[in-house]
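As provided, model.txt (compact mmCIF, C-alpha atoms) reads as follows.
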# COMPACT_ATOMS: atom_id res chain seq x y z
CA MET Z 246 109.50 80.68 67.51
CA ASP Z 247 110.92 83.78 69.10
CA ASN Z 248 114.37 85.06 68.35
CA PRO Z 249 116.63 85.49 71.41
CA ALA Z 250 116.80 89.29 71.12
CA ALA Z 251 113.01 89.68 71.05
CA HIS Z 252 112.66 87.29 73.97
CA ALA Z 253 115.24 89.27 75.96
CA ARG Z 254 113.43 92.56 75.19
CA ARG Z 255 110.12 91.13 76.41
CA GLN Z 256 111.72 89.82 79.59
CA ALA Z 257 113.32 93.20 80.29
CA PHE Z 258 110.02 94.97 79.64
CA ALA Z 259 108.15 92.64 82.01
CA ALA Z 260 110.83 93.04 84.69
CA ALA Z 261 110.50 96.85 84.52
CA SER Z 262 106.69 96.84 84.55
CA PRO Z 263 104.79 97.73 87.73
CA VAL Z 264 102.38 94.90 86.80
CA THR Z 265 102.75 91.26 87.81
CA GLU Z 266 100.93 88.12 86.71
CA ALA Z 267 99.45 87.88 90.21
CA MET Z 268 98.00 91.40 89.85
CA ILE Z 269 96.56 90.55 86.46
CA HIS Z 270 94.85 87.47 87.88
CA ALA Z 271 93.48 89.38 90.88
CA LEU Z 272 92.25 92.28 88.74
CA VAL Z 273 90.61 90.14 86.06
CA HIS Z 274 88.82 87.92 88.56
CA ALA Z 275 87.66 90.81 90.80
CA PHE Z 276 86.55 92.88 87.82
CA TYR Z 277 84.51 90.16 86.15
CA ALA Z 278 82.91 89.23 89.48
CA LYS Z 279 81.55 92.79 89.49
CA VAL Z 280 80.60 92.67 85.80
CA ARG Z 281 78.57 89.49 86.23
CA THR Z 282 76.28 91.16 88.78
CA ASP Z 283 76.22 94.63 87.26
CA PRO Z 284 72.69 95.59 86.09
CA ALA Z 285 73.97 97.14 82.83
CA LEU Z 286 76.86 94.82 81.94
CA GLY Z 287 75.81 91.53 83.52
CA PRO Z 288 73.09 90.70 80.97
CA VAL Z 289 75.40 91.46 78.01
CA PHE Z 290 78.29 89.39 79.35
CA ASN Z 291 76.12 86.57 80.66
CA ARG Z 292 74.39 86.30 77.27
CA ALA Z 293 77.71 86.25 75.41
CA ILE Z 294 79.67 84.03 77.79
CA ALA Z 295 76.89 81.92 79.32
CA GLU Z 296 78.55 79.26 81.48
CA ASP Z 297 82.00 79.59 79.89
CA TRP Z 298 83.36 81.95 82.53
CA PRO Z 299 86.51 79.98 83.47
CA PRO Z 300 87.82 79.94 79.86
CA HIS Z 301 86.86 83.61 79.45
CA LEU Z 302 88.74 84.59 82.61
CA ALA Z 303 91.79 82.66 81.43
CA ARG Z 304 91.62 84.44 78.03
CA MET Z 305 91.32 87.81 79.76
CA CYS Z 306 94.36 87.05 81.94
CA ASP Z 307 96.25 86.16 78.76
CA PHE Z 308 94.98 89.36 77.10
CA TRP Z 309 96.06 91.64 79.95
CA SER Z 310 99.38 89.80 80.26
CA SER Z 311 100.01 90.47 76.57
CA VAL Z 312 98.94 94.12 76.89
CA THR Z 313 100.83 95.00 80.06
CA LEU Z 314 103.77 92.58 80.05
CA MET Z 315 104.16 91.92 76.31
CA THR Z 316 104.04 88.15 76.89
CA GLY Z 317 102.28 87.43 73.60
CA ARG Z 318 100.07 84.85 75.32
CA PHE Z 319 96.80 86.19 73.96
CA LYS Z 320 95.68 84.79 70.64
CA GLY Z 321 92.44 86.07 69.28
CA SER Z 322 90.52 88.95 67.78
CA PRO Z 323 88.90 91.18 70.39
CA MET Z 324 87.19 93.24 67.69
CA GLN Z 325 85.58 90.20 66.08
CA ALA Z 326 84.46 88.88 69.47
CA HIS Z 327 82.77 92.20 70.31
CA ILE Z 328 81.14 92.46 66.88
CA GLN Z 329 79.63 89.00 67.36
CA VAL Z 330 78.11 89.95 70.70
CA GLY Z 331 76.03 92.72 69.15
CA GLY Z 332 74.08 95.38 70.99
CA ILE Z 333 77.10 96.94 72.69
CA ARG Z 334 76.45 100.64 73.25
CA PRO Z 335 78.62 103.59 74.34
CA THR Z 336 76.92 103.41 77.75
CA HIS Z 337 78.23 99.86 78.13
CA PHE Z 338 81.78 101.08 77.45
CA ALA Z 339 81.39 103.92 79.96
CA ARG Z 340 80.16 101.52 82.62
CA TRP Z 341 82.90 98.99 81.78
CA LEU Z 342 85.57 101.68 82.11
CA HIS Z 343 84.13 102.91 85.40
CA LEU Z 344 84.07 99.43 86.94
CA PHE Z 345 87.50 98.59 85.55
CA GLN Z 346 89.06 101.77 86.95
CA GLN Z 347 87.40 101.23 90.32
CA THR Z 348 88.61 97.62 90.47
CA ALA Z 349 92.15 98.47 89.31
CA GLU Z 350 92.42 101.14 92.01
CA ASP Z 351 91.10 98.69 94.63
CA VAL Z 352 93.29 95.74 93.65
CA CYS Z 353 96.56 97.21 92.36
CA PRO Z 354 99.21 99.58 93.65
CA PRO Z 355 98.82 103.10 92.17
CA GLU Z 356 101.46 102.79 89.43
CA ALA Z 357 100.06 99.49 88.16
CA ALA Z 358 96.47 100.72 88.44
CA ALA Z 359 97.36 103.78 86.36
CA LEU Z 360 98.87 101.58 83.64
CA PHE Z 361 95.83 99.29 83.54
CA ILE Z 362 93.47 102.29 83.41
CA GLU Z 363 95.44 103.97 80.61
CA LYS Z 364 95.50 100.77 78.55
CA SER Z 365 91.79 100.13 79.18
CA GLN Z 366 90.87 103.59 77.88
CA VAL Z 367 92.87 103.10 74.68
CA ILE Z 368 91.35 99.65 74.15
CA ALA Z 369 87.81 100.91 74.78
CA ARG Z 370 88.23 103.76 72.28
CA SER Z 371 89.59 101.37 69.69
CA LEU Z 372 86.79 98.86 70.18
CA GLN Z 373 84.14 101.58 70.07
CA MET Z 374 85.55 102.96 66.83
CA GLY Z 375 85.73 99.49 65.33
CA LEU Z 376 82.16 98.66 66.33
CA HIS Z 377 80.92 101.92 64.80
CA LEU Z 378 82.80 101.20 61.58
CA ALA Z 379 81.52 97.63 61.46
CA SER Z 380 77.93 98.79 61.92
CA GLY Z 381 78.23 101.44 59.22
CA GLU Z 382 77.26 104.19 61.68
CA LEU Z 383 80.31 106.29 60.88
CA ASP Z 384 79.78 105.93 57.13
CA ALA Z 385 76.21 107.14 57.57
CA ALA Z 386 77.38 110.14 59.58
CA ILE Z 387 79.88 111.26 56.93
CA PRO Z 388 78.28 113.03 53.96
CA SER Z 389 79.28 111.76 50.54

Would you kindly transcribe this structure into structure tokens?
Amino acid sequence: MDNPAAHARRQAFAAASPVTEAMIHALVHAFYAKVRTDPALGPVFNRAIAEDWPPHLARMCDFWSSVTLMTGRFKGSPMQAHIQVGGIRPTHFARWLHLFQQTAEDVCPPEAAALFIEKSQVIARSLQMGLHLASGELDAAIPS
């Protein structure tokens, strides 16, 4: 369980954030509605998630709540989940980032959209690096 000081810090952080839980819900649901019908991303996500969209959306709300509000609600390993999907290419990340930015700007006030976009770029870079490492592509590119 949380100590009182850590809990107080998280509450203060969330209170100062331009993001709200309502924004997170709106952004996640609007974004994944676009993803599901996107010609590049739809097949990847629909193959990985199949008919489990409601639990996925709830996990993504928890994820973004943890990232932007420090709620600690998300439990899981994003890297492992993406490794298991397989076939994720840099073009998928570029498209994901484009749709995410577009949706954040449509759904959120500018300050909140900027925070979501900044966090999404850091997360995408981290996932891309991890997927490259997991596939051995970076090892192959570095001479011994």

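Of note, atom CA of Z:Ala250 and atom CA of Z:Phe319 are spaced 20.4 Å apart.
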
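Interatomic distance, atom CA of Z:Ala349 against atom CA of Z:Ala278: 13.1 Å.
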
Next on the checklist: Set the distance at 10 Å and use all atoms listed in the file: which residues neighbour Z:Ala303 once local chain neighbours fewer than 5 positions away are removed? I'd like the list as an MDAnalysis selection string.
Outcome noted: chainID Z and resid 270 273:274 298 308 319

Checklist entry - Taking all atoms listed in the file into account, which of Z:Val280, Z:Ile333, Z:Leu286, Z:Val312 comes nearest Z:Leu372? => result Z:Ile333

Who sits within 10 Å of Z:Phe345, only C-alpha atoms, same chain under 3 positions skipped, as a PDB file with C-alpha atoms, keeping the file's coordinate frame:
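Everything below was put into out-v1.pdb:
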ATOM      1  CA  LEU Z 272      92.250  92.280  88.740  1.00  0.00           C
ATOM      2  CA  VAL Z 273      90.610  90.140  86.060  1.00  0.00           C
ATOM      3  CA  ALA Z 275      87.660  90.810  90.800  1.00  0.00           C
ATOM      4  CA  PHE Z 276      86.550  92.880  87.820  1.00  0.00           C
ATOM      5  CA  TYR Z 277      84.510  90.160  86.150  1.00  0.00           C
ATOM      6  CA  LYS Z 279      81.550  92.790  89.490  1.00  0.00           C
ATOM      7  CA  VAL Z 280      80.600  92.670  85.800  1.00  0.00           C
ATOM      8  CA  ALA Z 339      81.390 103.920  79.960  1.00  0.00           C
ATOM      9  CA  ARG Z 340      80.160 101.520  82.620  1.00  0.00           C
ATOM     10  CA  TRP Z 341      82.900  98.990  81.780  1.00  0.00           C
ATOM     11  CA  LEU Z 342      85.570 101.680  82.110  1.00  0.00           C
ATOM     12  CA  THR Z 348      88.610  97.620  90.470  1.00  0.00           C
ATOM     13  CA  ALA Z 349      92.150  98.470  89.310  1.00  0.00           C
ATOM     14  CA  GLU Z 350      92.420 101.140  92.010  1.00  0.00           C
ATOM     15  CA  ASP Z 351      91.100  98.690  94.630  1.00  0.00           C
ATOM     16  CA  ALA Z 358      96.470 100.720  88.440  1.00  0.00           C
ATOM     17  CA  PHE Z 361      95.830  99.290  83.540  1.00  0.00           C
ATOM     18  CA  ILE Z 362      93.470 102.290  83.410  1.00  0.00           C
ATOM     19  CA  SER Z 365      91.790 100.130  79.180  1.00  0.00           C
ATOM     20  CA  GLN Z 366      90.870 103.590  77.880  1.00  0.00           C
TER      21      GLN Z 366
END

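Between atom CA of Z:Thr282 and atom CA of Z:Val330 there is a distance of 18.2 Å.
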
Checklist entry - Of the candidates Z:Arg281, Z:Arg334, Z:Ile328, Z:Thr265, which shows the shortest atom-to-atom distance to Z:Glu296, using all atoms listed in the file? => result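 Nearest candidate to Z:Glu296 out of Z:Arg281, Z:Arg334, Z:Ile328, Z:Thr265: Z:Arg281.
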
Checklist entry - When distances are computed from only C-alpha atoms, which of Z:Ala285, Z:Ala326, Z:Val367, Z:Leu376 shows the smallest separation from Z:Leu344? => result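 Checking each candidate against Z:Leu344, we get Z:Ala285 as the closest.
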
Next on the checklist: Give me, as a list in words, all polymer residues having an atom no more than 10 Å from Z:Gly375, counting all atoms listed in the file and skipping those fewer than 6 positions away in the same chain.
Outcome noted: Met324, Gln325, His327, Ile328, Ala369, Gly381 and Leu383 of chain Z

Repaired coordinates for stretch 345-368 of chain Z (N, CA and C atoms) as a PDB file, in the coordinates of the input:
ATOM      1  N   PHE Z 345      86.116  99.026  85.698  1.00  0.00           N
ATOM      2  CA  PHE Z 345      87.500  98.590  85.550  1.00  0.00           C
ATOM      3  C   PHE Z 345      88.424  99.512  86.339  1.00  0.00           C
ATOM      4  N   GLN Z 346      88.222 100.813  86.217  1.00  0.00           N
ATOM      5  CA  GLN Z 346      89.060 101.770  86.950  1.00  0.00           C
ATOM      6  C   GLN Z 346      88.901 101.556  88.457  1.00  0.00           C
ATOM      7  N   GLN Z 347      87.682 101.437  88.891  1.00  0.00           N
ATOM      8  CA  GLN Z 347      87.400 101.230  90.320  1.00  0.00           C
ATOM      9  C   GLN Z 347      88.102  99.961  90.825  1.00  0.00           C
ATOM     10  N   THR Z 348      88.005  98.893  90.057  1.00  0.00           N
ATOM     11  CA  THR Z 348      88.610  97.620  90.470  1.00  0.00           C
ATOM     12  C   THR Z 348      90.138  97.713  90.437  1.00  0.00           C
ATOM     13  N   ALA Z 349      90.697  98.317  89.397  1.00  0.00           N
ATOM     14  CA  ALA Z 349      92.150  98.470  89.310  1.00  0.00           C
ATOM     15  C   ALA Z 349      92.677  99.253  90.510  1.00  0.00           C
ATOM     16  N   GLU Z 350      91.983 100.321  90.873  1.00  0.00           N
ATOM     17  CA  GLU Z 350      92.420 101.140  92.010  1.00  0.00           C
ATOM     18  C   GLU Z 350      92.287 100.388  93.332  1.00  0.00           C
ATOM     19  N   ASP Z 351      91.296  99.488  93.414  1.00  0.00           N
ATOM     20  CA  ASP Z 351      91.100  98.690  94.630  1.00  0.00           C
ATOM     21  C   ASP Z 351      92.122  97.566  94.768  1.00  0.00           C
ATOM     22  N   VAL Z 352      92.495  96.970  93.638  1.00  0.00           N
ATOM     23  CA  VAL Z 352      93.290  95.740  93.650  1.00  0.00           C
ATOM     24  C   VAL Z 352      94.783  95.975  93.474  1.00  0.00           C
ATOM     25  N   CYS Z 353      95.157  97.018  92.760  1.00  0.00           N
ATOM     26  CA  CYS Z 353      96.560  97.210  92.360  1.00  0.00           C
ATOM     27  C   CYS Z 353      97.195  98.404  93.061  1.00  0.00           C
ATOM     28  N   PRO Z 354      98.517  98.374  93.180  1.00  0.00           N
ATOM     29  CA  PRO Z 354      99.210  99.580  93.650  1.00  0.00           C
ATOM     30  C   PRO Z 354      99.009 100.705  92.628  1.00  0.00           C
ATOM     31  N   PRO Z 355      99.143 101.959  93.045  1.00  0.00           N
ATOM     32  CA  PRO Z 355      98.820 103.100  92.170  1.00  0.00           C
ATOM     33  C   PRO Z 355      99.491 103.081  90.795  1.00  0.00           C
ATOM     34  N   GLU Z 356     100.770 102.769  90.723  1.00  0.00           N
ATOM     35  CA  GLU Z 356     101.460 102.790  89.430  1.00  0.00           C
ATOM     36  C   GLU Z 356     100.908 101.735  88.479  1.00  0.00           C
ATOM     37  N   ALA Z 357     100.630 100.550  88.995  1.00  0.00           N
ATOM     38  CA  ALA Z 357     100.060  99.490  88.160  1.00  0.00           C
ATOM     39  C   ALA Z 357      98.625  99.828  87.784  1.00  0.00           C
ATOM     40  N   ALA Z 358      97.852 100.344  88.738  1.00  0.00           N
ATOM     41  CA  ALA Z 358      96.470 100.720  88.440  1.00  0.00           C
ATOM     42  C   ALA Z 358      96.436 101.761  87.321  1.00  0.00           C
ATOM     43  N   ALA Z 359      97.322 102.738  87.388  1.00  0.00           N
ATOM     44  CA  ALA Z 359      97.360 103.780  86.360  1.00  0.00           C
ATOM     45  C   ALA Z 359      97.659 103.186  84.980  1.00  0.00           C
ATOM     46  N   LEU Z 360      98.557 102.224  84.910  1.00  0.00           N
ATOM     47  CA  LEU Z 360      98.870 101.580  83.640  1.00  0.00           C
ATOM     48  C   LEU Z 360      97.670 100.809  83.101  1.00  0.00           C
ATOM     49  N   PHE Z 361      97.021 100.037  83.960  1.00  0.00           N
ATOM     50  CA  PHE Z 361      95.830  99.290  83.540  1.00  0.00           C
ATOM     51  C   PHE Z 361      94.739 100.254  83.041  1.00  0.00           C
ATOM     52  N   ILE Z 362      94.528 101.327  83.766  1.00  0.00           N
ATOM     53  CA  ILE Z 362      93.470 102.290  83.410  1.00  0.00           C
ATOM     54  C   ILE Z 362      93.796 102.947  82.071  1.00  0.00           C
ATOM     55  N   GLU Z 363      95.041 103.358  81.883  1.00  0.00           N
ATOM     56  CA  GLU Z 363      95.440 103.970  80.610  1.00  0.00           C
ATOM     57  C   GLU Z 363      95.218 103.005  79.450  1.00  0.00           C
ATOM     58  N   LYS Z 364      95.661 101.781  79.608  1.00  0.00           N
ATOM     59  CA  LYS Z 364      95.500 100.770  78.550  1.00  0.00           C
ATOM     60  C   LYS Z 364      94.020 100.497  78.288  1.00  0.00           C
ATOM     61  N   SER Z 365      93.220 100.427  79.343  1.00  0.00           N
ATOM     62  CA  SER Z 365      91.790 100.130  79.180  1.00  0.00           C
ATOM     63  C   SER Z 365      91.088 101.233  78.392  1.00  0.00           C
ATOM     64  N   GLN Z 366      91.484 102.473  78.608  1.00  0.00           N
ATOM     65  CA  GLN Z 366      90.870 103.590  77.880  1.00  0.00           C
ATOM     66  C   GLN Z 366      91.213 103.536  76.398  1.00  0.00           C
ATOM     67  N   VAL Z 367      92.461 103.219  76.078  1.00  0.00           N
ATOM     68  CA  VAL Z 367      92.870 103.100  74.680  1.00  0.00           C
ATOM     69  C   VAL Z 367      92.123 101.948  74.008  1.00  0.00           C
ATOM     70  N   ILE Z 368      92.030 100.828  74.694  1.00  0.00           N
ATOM     71  CA  ILE Z 368      91.350  99.650  74.150  1.00  0.00           C
ATOM     72  C   ILE Z 368      89.871  99.944  73.946  1.00  0.00           C
TER      73      ILE Z 368
END
